[in-house]
Amino acid sequence: MSDEAKGQTLPLVEVTVDGETVRAPEGATLLDACRAKGADTPTLCYLETLTPVNACRVCVVELEGSRTLVPSCSRAAHPGAVVHTDTPRVRHSRKLVLELLASSVDLSLANGDMKRWMDYYEVDAEKFGPSSASTAAGDRDGRRPGHHHAPDGKTAETVAQPVKIHDEMYIRDYSKCILCYKCVEACGEDAQNTFAIAVAGRGFDARISTEFDRRLDDSACVYCGNCIGVCPTGALMFKSEYDRRETGEWNELQQRVTRTVCPYCGVGCNLDLHVQDNEIVKVMSPIDHSVTHGHLCIKGRFGWQFVQNREET
Amino acid sequence: MDLKLLPVEASEVERAAVATIFDHPPDAPGTDRVTREGLQEVRARRHLLLPALHAVQKQVGWVSQGALNEICRRLLVPPAEAYGVATFYALLSTTMRPPRVAHVCDDIACKLQGADELCATLECRFGPPGTPSANGQATWHRSPCLGLCERGPAVLFQLAGDAMDGTVAPAEVADIENVLNGATVPMPPAISTPQTTGTRDPALCLLRRVEACDPASLVAYQAADGYSALRRALEIGPAEVIAEVSESKLQGRGGAAFPTGRKWDAVAKAPATPHYVVCNADESEPGTFKDRVLMEEDPFAIVESMTIAGFAVGAEQGYLYVRGEYPLATARLEHAIRECRSAGLLGPDVMDGGFCFDIDLRRGAGAYICGEETALFSSIEGFRGEPRNKPPFPVEVGLFGQPTVINNVETLANVLDILLEGGPAFAGVGTERSTGSKLLCVSGAVERPGLYEVPFGTTLRTLLDLAGGIRGGKRLKTVLLGGAAGSFVSPTHLDTPLTFEGTQAIGASLGSGVVMAFDEGTDMRGIVLRIAAFFRDESCGQCVPCRVGTVRQEELLQRLARDGARPSAEAQLLDELAQVMRDASICGLGHTAANAVQSAVALGLFEGPTDE
Ligand SMILES: Cc1cc2nc3c(=O)[nH]c(=O)nc-3n(C[C@H](O)[C@H](O)[C@H](O)COP(=O)(O)O)c2cc1C
Ligand code: SF4
Ligand code: SF4
Ligand code: SF4
Ligand code: FES
Ligand code: FES
């Protein structure tokens with residue numbers, strides 16, 4: 001919803017959500033209406049600050065008059081729309097979307113929302129059989145569109161693959177990628193305008209990639225970390241967090257989060273410094289900040305590394 | 001903003017190949033950073049991305065880092081995005097590949113004609129798909145349906161350099177070896193319309209000119225009624241043209257059966273300009289070859305009918321998006337467009353009638369999904385062929401975001417007759433709800449496979465009889481109606497009239513006009529598994545239900561085929577998948593990916609004898 005649409009001056013449209021009348025500002029989506037009514041509508045590829053790609057389909061609702069379910073995140077609320085969010089049909093699709101993801105992606109570090117929805121829809125990750133073994137490094141990046149090896153049906157294919165670690169800034173663990181397109185959008189037109197990463201390949205072999213799978217430090221990436229900020233599954237992660245997790249030293253309970261203003265330039269971005277054992281372990285930015293919408297540049301995102309390094313030497 | 005390019009330079013050949021898509025000579029090689037011009041400018045060039053990738057692929061045989069870099073530099077496209085586009089298409093290779101490639105169809109119709117044996121032999125001689133030959137000059141790959149199903153097994157040769165791509169069907173091992181060893185592809189292939197050979201059926205409309213008129217000659221086309229429909233259109237004006245089309249009750253032949261008149265009317269009235277006309281010639285539904293035959297044998301008819309559509313809806317530019325696997329159709333259409341341009345039938349003043357219309361031919365590059373209308377727009381615009389959510393529909397927001405009429409080749413071909421005989425006369429043929437005649441792609445276990453034109457309402461039985469009945473006097477086991485996205489029907493439905501409503505009544509659909517017959521002896525499990533593999537390969541990967549659902553569907557079928565251990569558990573899971581794909585996918589591919597599988601399971605085609 002745009003800032004304007006939130007204003008009171010715009011005309012309202014009336015829609016019915018699960019039998020209740022909801023008034024939503026003109027230009028609002030069905031998702032806005034569902035949330036206004038208090039329906040806990042799951043979303044994976046949707047984020048207030050990004051253009052909807054409506055790819056994950058977990059937010060579907062039943063819209064009277066529509067043959068198929070519709071994605072609430074990107075369907076405009078038209079006057080008189082009658083929406084059902086909790087019918088067996090809706091529950092089935094949401095559950096299956098989550099199960100299909102859970103059966104193919106490592107969701108162990110998925111954010112709290114996602115975990116809550118998986119519980120609510122009683123997701124069974126093993127439903128389609130035991131997970132396939134991890135692929136070798138580069139295997140998924142080299143797959144040809146339109147071709148695959150026939151499965152034997154003994155395991156459920158996953159996207160498991162080795163973690164990509166190319167530098168001290170952040171790592172990319174695409175075994176955890178649900179292909180929500182958020183990082184691509186944050187890197188592209190919606191925020192960063194760098195276009196260092198895009199979706200490559202097709203079908204189940206689709207993946208987030210730099211050109212020719214080049215190393216990140218060899219690509220157009222400017223290390224703004226905005227992709228990390230929007231990733232919902234922990235696929236993109238600060239190296240500092242990754243290393244501590246590997247050694248078992250990551251402890252969110254011991255972390256303090258301090259809000260401060262980035263000192264590097266005059267824009268005045270808000271920084272949320274996550275501090276553990278007197279060390280900054282990651283830097284995020286509040287999504288509701290009116291200027292930056294959660295996005296930063298390399299200095300705000302990773303500048304503390306230099307600060308710390310300087311202190312150490 | 002800056003565009004960061006790859007630190008790799010293109011070779012001279014690659015640079016020259018990219019330059020061919022620009023009207024002016026190549027710029028001097030630049031630095032690795034170019035400033036991006038205004039967004040307008042960038043958008044305006046992006047649509048050249050796929051043609052540029054094609055040009056390099058054709059000349060060099062693959063798209064190297066240097067070549068991609070050159071394309072990005074000239075078109076101001078970020079390399080990651082260009083790579084994302086290049087890796088979307090099966091006919092483009094982003095890794096080094098030998099210059100001569102045989103794409104061997106192992107899809108369902110060809111399986112019935114020995115494709116598996118052919119592939120097995122190739123595997124013995126050349127090694128697994130993708131293995132370069134000893135001299136590094138050739139390789140082979142398996143391919144989905146190549147639209148030559150009536151005479152499989154089919155092969156497409158993709159040849160780098162100056163040699164012409166081409167197809168051979170039916171293909172033998174020796175044919176493939178010859179071409180891979182450097183021979184040119186034999187041309188032209190046989191025509192596949194049994195009704196036009198021997199005593200011609202005088203009632204043929206859509207196939208009227210097939211085999212009766214030289215497809216390379218505009219003069220011959222004009223002598224055979226060509227361009228009289230456009231002349232009539234100019235006389236009666238756009239509104240009347242649309243009225244005729246509406247009265248004809250013509251419905252789209254691309255699969256969705258939407259009323260064509262309503263589409264045209266909506267675009268004609270759309271306030272936003274410019275308007276576009278797009279001809280969907282991406283025919284890739286397994287078992288479908290009707291549009292190919294029309295394009296190869298009557299190419300001027302496509303050009304004329306697109307021009308009429310442009311006149312009717314107020315479009316000055318048309319795009320003809322031809323399947324990349326159709327080299328002969330592409331060559332004949334390109335020739336026809338050139339001829340029409342020089343005869344003043346395309347261009348700034350068409351037929352001296354005071355209106356402007358031209359056609360740009362675009363080639364697909366191996367992606368079934370690009371036949372979906374919004375994916376096709378993305379593909380032309382230079383993006384990955386990912387479908388968009390509808391609404392908005394193409395009549396409002398179509399190609400380049402503008403109001404767009406998109407029609408199937410066969411749909412457009414019907415417009416000529418509608419203008420010549422009038423809408424009501426056209427509506428007099430067929431049934432109340434399915435008017436006119438229909439092209440049906442008959443393949444599989446019949447005596448005379450091929451393309452047949454029959455009035456709507458003809459029964460399945462009559463059609464199969466027309467095709468000579470079941471081959472070798474065998475018994476019919478099942479018919480696949482509508483292609484991989486359609487469904488299997490049982491022989492008890494032979495008296496079903498082949499209409500939109502008739503097929504719907506038995507829970508099937510006419511789809512793209514596929515009628516594939518299977519006899520008692522067929523290994524139906526192999527067929528159904530191939531269909532499941534097809535959808536797994538062709539899903540664009542955008543949405544979860546289809547991206548992962550098609551994978552799980554194939555796995556479950558393999559499990560059923562292997563041990564049938566818990567058939568009821570698997571069948572239950574298949575149902576769950578079918579429902580989420582149908583309900584929650586973005587586009588028709590996901591919506592229909594379970595149709596054939598579900599119908600096969602319901603008919604018991606998957607049970608078969610187990611290894612007891
Ligand atoms: C996966 C998929 C593939 C399609 N492929 C084609 C195709 O190859 N040719 C075609 O004309 N329509 C195809 N369609 C249908 C088009 O989306 C669209 O409905 C059609 O081009 C409209 O033209 P018509 O009204 O003349 O049928 C496809 C649809 C889907 C969902
Ligand atoms: S760090 Fe910034 S520039 Fe690099 S990939 Fe992520 S969003 Fe793009
Ligand atoms: S890496 Fe993260 S943000 Fe990017 S597509 Fe995957 S899950 Fe989404
Ligand atoms: S249904 Fe399949 S093909 Fe269509 S958009 Fe979704 S993933 Fe792509
Ligand atoms: S949140 Fe709506 S489709 Fe992903
Ligand atoms: S050409 Fe082989 S199945 Fe159609």
# chains A, B, ... in the order shown; residues from 1 in each chain; ligands from 1

call {"tool": "interface_residues", "arguments": {"of": "chain A", "to": "chain B", "cutoff": "8 Å", "atoms": "only C-alpha atoms", "output": "number ranges by chain"}}
result
A: 54-57, 60, 68-71, 92-93, 96-97, 100-101, 104, 128, 144-148, 150-157, 179, 193-206, 209-212, 219-220

call {"tool": "residues_near_ligand", "arguments": {"ligand": "ligand 3", "cutoff": "10 Å", "atoms": "only C-alpha atoms and all ligand atoms", "output": "number ranges by chain"}}
result
A: 44-45, 105, 107, 110, 172-187, 197-199, 207-209, 226-237

call {"tool": "closest_atom_pairs", "arguments": {"of": "chain B", "to": "ligand 1", "cutoff": "7 Å", "atoms": "only C-alpha atoms and all ligand atoms", "output": "CSV"}}
result
residue,atom,partner,partner_atom_place_in_ligand_line,distance
B:Gln251,CA,ligand 1,25 (O),6.5
B:Gly252,CA,ligand 1,27 (O),3.2
B:Arg253,CA,ligand 1,27 (O),4.1
B:Gly254,CA,ligand 1,27 (O),3.3
B:Gly255,CA,ligand 1,15 (C),5.3
B:Ala256,CA,ligand 1,19 (O),5.0
B:Ala257,CA,ligand 1,27 (O),5.7
B:Phe258,CA,ligand 1,25 (O),5.2
B:Pro259,CA,ligand 1,25 (O),6.9
B:Thr260,CA,ligand 1,25 (O),6.0
B:Asn280,CA,ligand 1,11 (O),4.6
B:Ala281,CA,ligand 1,9 (N),5.6
B:Asp282,CA,ligand 1,8 (O),4.1
B:Glu283,CA,ligand 1,8 (O),3.3
B:Ser284,CA,ligand 1,8 (O),4.9
B:Glu285,CA,ligand 1,8 (O),6.1
B:Tyr368,CA,ligand 1,3 (C),6.0
B:Ile369,CA,ligand 1,1 (C),4.7
B:Cys370,CA,ligand 1,3 (C),6.6
B:Gly371,CA,ligand 1,5 (N),3.3
B:Glu372,CA,ligand 1,17 (O),3.6
B:Glu373,CA,ligand 1,17 (O),3.9
B:Ile406,CA,ligand 1,23 (O),5.4
B:Asn407,CA,ligand 1,26 (O),3.4
B:Asn408,CA,ligand 1,11 (O),3.6
B:Val409,CA,ligand 1,11 (O),6.4
B:Thr411,CA,ligand 1,26 (O),4.8
B:Leu412,CA,ligand 1,26 (O),6.9
B:Cys587,CA,ligand 1,31 (C),5.7
B:Gly588,CA,ligand 1,31 (C),3.5
B:Leu589,CA,ligand 1,1 (C),4.0

call {"tool": "select_by_dssp", "arguments": {"residues": "stretch 38-270 of chain B", "states": "alpha helix (DSSP H)", "output": "PyMOL selection string"}}
result
chain B and resi 39-46+49-60+65-75+79-86+108-111+115-126+173-180+218-223+228-236+238-248+260-269

call {"tool": "residues_around", "arguments": {"residues": "stretch 489-498 of chain B", "least_positions_apart": "6", "cutoff": "6 Å", "atoms": "only C-alpha atoms", "output": "ChimeraX atom specification"}}
result
/B:457-461,478-479

call {"tool": "closest_residue", "arguments": {"among": "B:Ile176, B:Ala532, B:Ala593, B:Ala109", "to": "ligand 4", "atoms": "only C-alpha atoms and all ligand atoms"}}
result
B:Ala593

call {"tool": "residues_around", "arguments": {"residues": "stretch 28-38 of chain A", "least_positions_apart": "6", "cutoff": "8 Å", "atoms": "only C-alpha atoms", "output": "ChimeraX atom specification"}}
result
/A:1,5,15,17,20,22,59,72-77,85

call {"tool": "closest_residue", "arguments": {"among": "B:Ser305, B:Thr503, B:Ser11, B:Thr167", "to": "ligand 6", "atoms": "only C-alpha atoms and all ligand atoms"}}
result
B:Thr167

call {"tool": "atom_distance", "arguments": {"atom1": "atom CA of B:Ala203", "atom2": "atom CA of B:Val454"}}
result
8.9 Å

call {"tool": "residues_around", "arguments": {"residues": "stretch 246-249 of chain B", "least_positions_apart": "4", "cutoff": "6 Å", "atoms": "only C-alpha atoms", "output": "list of chain:residue names"}}
result
B:Gly261, B:Gly423, B:Pro424, B:Phe426, B:Ala427

call {"tool": "closest_residue", "arguments": {"among": "A:Asp190, A:Gly80, A:Met284, A:Arg256", "to": "A:Leu47", "atoms": "only C-alpha atoms"}}
result
A:Asp190

call {"tool": "atom_distance", "arguments": {"atom1": "atom CA of A:Ile171", "atom2": "atom CA of A:Gly248"}}
result
16.9 Å

call {"tool": "closest_residue", "arguments": {"among": "B:Glu150, B:Glu410, B:Asp519, B:Glu304", "to": "ligand 6", "atoms": "only C-alpha atoms and all ligand atoms"}}
result
B:Glu150

call {"tool": "residues_around", "arguments": {"residues": "A:Lys95", "least_positions_apart": "6", "cutoff": "10 Å", "atoms": "only C-alpha atoms", "output": "compact mmCIF listing (two decimals) with all heavy atoms, in the first residue's frame"}}
result
# COMPACT_ATOMS: atom_id res chain seq x y z
N VAL A 58 1.27 -18.45 -1.57
CA VAL A 58 0.82 -18.90 -0.26
C VAL A 58 -0.31 -18.00 0.26
O VAL A 58 -1.04 -18.36 1.17
CB VAL A 58 2.00 -18.94 0.74
CG1 VAL A 58 2.31 -17.56 1.29
CG2 VAL A 58 1.72 -19.92 1.86
N ARG A 89 -10.57 -25.25 0.64
CA ARG A 89 -9.80 -25.06 -0.59
C ARG A 89 -8.60 -24.16 -0.34
O ARG A 89 -7.48 -24.44 -0.79
CB ARG A 89 -10.70 -24.39 -1.63
CG ARG A 89 -10.75 -25.11 -2.96
CD ARG A 89 -11.72 -24.39 -3.85
NE ARG A 89 -11.06 -24.00 -5.09
CZ ARG A 89 -11.56 -23.09 -5.92
NH1 ARG A 89 -12.71 -22.48 -5.64
NH2 ARG A 89 -10.92 -22.80 -7.03
N LEU A 101 7.42 -26.44 -0.41
CA LEU A 101 8.67 -25.76 -0.07
C LEU A 101 9.44 -26.53 0.99
O LEU A 101 10.64 -26.77 0.84
CB LEU A 101 8.37 -24.34 0.43
CG LEU A 101 7.96 -23.33 -0.65
CD1 LEU A 101 7.59 -22.00 -0.03
CD2 LEU A 101 9.07 -23.15 -1.68
N TRP A 117 3.26 -20.01 10.44
CA TRP A 117 2.33 -20.50 9.42
C TRP A 117 2.51 -22.00 9.19
O TRP A 117 1.54 -22.72 8.96
CB TRP A 117 2.53 -19.72 8.11
CG TRP A 117 2.15 -18.27 8.23
CD1 TRP A 117 1.07 -17.78 8.91
CD2 TRP A 117 2.84 -17.14 7.69
NE1 TRP A 117 1.04 -16.41 8.82
CE2 TRP A 117 2.11 -15.98 8.07
CE3 TRP A 117 3.99 -16.98 6.92
CZ2 TRP A 117 2.50 -14.69 7.70
CZ3 TRP A 117 4.37 -15.70 6.55
CH2 TRP A 117 3.64 -14.57 6.95
N MET A 118 3.74 -22.47 9.25
CA MET A 118 3.96 -23.91 9.04
C MET A 118 3.29 -24.71 10.15
O MET A 118 2.73 -25.77 9.91
CB MET A 118 5.45 -24.21 8.98
CG MET A 118 6.12 -23.43 7.86
SD MET A 118 7.32 -24.36 6.93
CE MET A 118 8.44 -24.78 8.17
N ASP A 119 3.34 -24.17 11.36
CA ASP A 119 2.65 -24.85 12.46
C ASP A 119 1.14 -24.81 12.24
O ASP A 119 0.46 -25.82 12.36
CB ASP A 119 2.97 -24.17 13.81
CG ASP A 119 4.38 -24.51 14.26
OD1 ASP A 119 4.93 -25.50 13.72
OD2 ASP A 119 4.92 -23.80 15.12
N TYR A 120 0.64 -23.64 11.91
CA TYR A 120 -0.80 -23.47 11.77
C TYR A 120 -1.36 -24.41 10.70
O TYR A 120 -2.41 -25.02 10.87
CB TYR A 120 -1.14 -22.01 11.43
CG TYR A 120 -2.62 -21.78 11.26
CD1 TYR A 120 -3.45 -21.64 12.37
CD2 TYR A 120 -3.19 -21.72 9.99
CE1 TYR A 120 -4.82 -21.45 12.22
CE2 TYR A 120 -4.55 -21.53 9.83
CZ TYR A 120 -5.37 -21.38 10.94
OH TYR A 120 -6.71 -21.21 10.79
N TYR A 121 -0.66 -24.54 9.60
CA TYR A 121 -1.16 -25.39 8.51
C TYR A 121 -0.67 -26.82 8.64
O TYR A 121 -0.84 -27.62 7.73
CB TYR A 121 -0.81 -24.77 7.15
CG TYR A 121 -1.60 -23.51 6.88
CD1 TYR A 121 -1.04 -22.25 7.05
CD2 TYR A 121 -2.95 -23.58 6.53
CE1 TYR A 121 -1.79 -21.09 6.85
CE2 TYR A 121 -3.70 -22.44 6.32
CZ TYR A 121 -3.12 -21.19 6.48
OH TYR A 121 -3.87 -20.06 6.29
N GLU A 122 -0.08 -27.15 9.76
CA GLU A 122 0.36 -28.52 10.07
C GLU A 122 1.17 -29.13 8.93
O GLU A 122 0.83 -30.18 8.38
CB GLU A 122 -0.85 -29.39 10.41
CG GLU A 122 -1.55 -28.90 11.66
CD GLU A 122 -2.82 -29.68 11.98
OE1 GLU A 122 -3.43 -30.22 11.04
OE2 GLU A 122 -3.18 -29.73 13.16
N VAL A 123 2.22 -28.42 8.60
CA VAL A 123 3.04 -28.82 7.46
C VAL A 123 3.85 -30.10 7.76
O VAL A 123 4.50 -30.20 8.78
CB VAL A 123 3.99 -27.66 7.09
CG1 VAL A 123 5.11 -28.13 6.19
CG2 VAL A 123 3.18 -26.57 6.42
N ASP A 124 3.73 -31.03 6.83
CA ASP A 124 4.48 -32.28 6.93
C ASP A 124 5.55 -32.29 5.84
O ASP A 124 5.26 -32.54 4.67
CB ASP A 124 3.50 -33.46 6.76
CG ASP A 124 4.23 -34.80 6.72
OD1 ASP A 124 5.46 -34.82 6.93
OD2 ASP A 124 3.55 -35.82 6.48
N VAL B 580 -3.77 -28.33 -5.82
CA VAL B 580 -3.05 -27.08 -5.58
C VAL B 580 -2.53 -26.49 -6.89
O VAL B 580 -2.52 -25.28 -7.08
CB VAL B 580 -1.90 -27.26 -4.55
CG1 VAL B 580 -0.76 -28.10 -5.09
CG2 VAL B 580 -1.36 -25.90 -4.11

call {"tool": "closest_residue", "arguments": {"among": "A:Arg215, A:Arg91, A:His295, A:Lys164", "to": "A:Val61", "atoms": "only C-alpha atoms"}}
result
A:Arg91
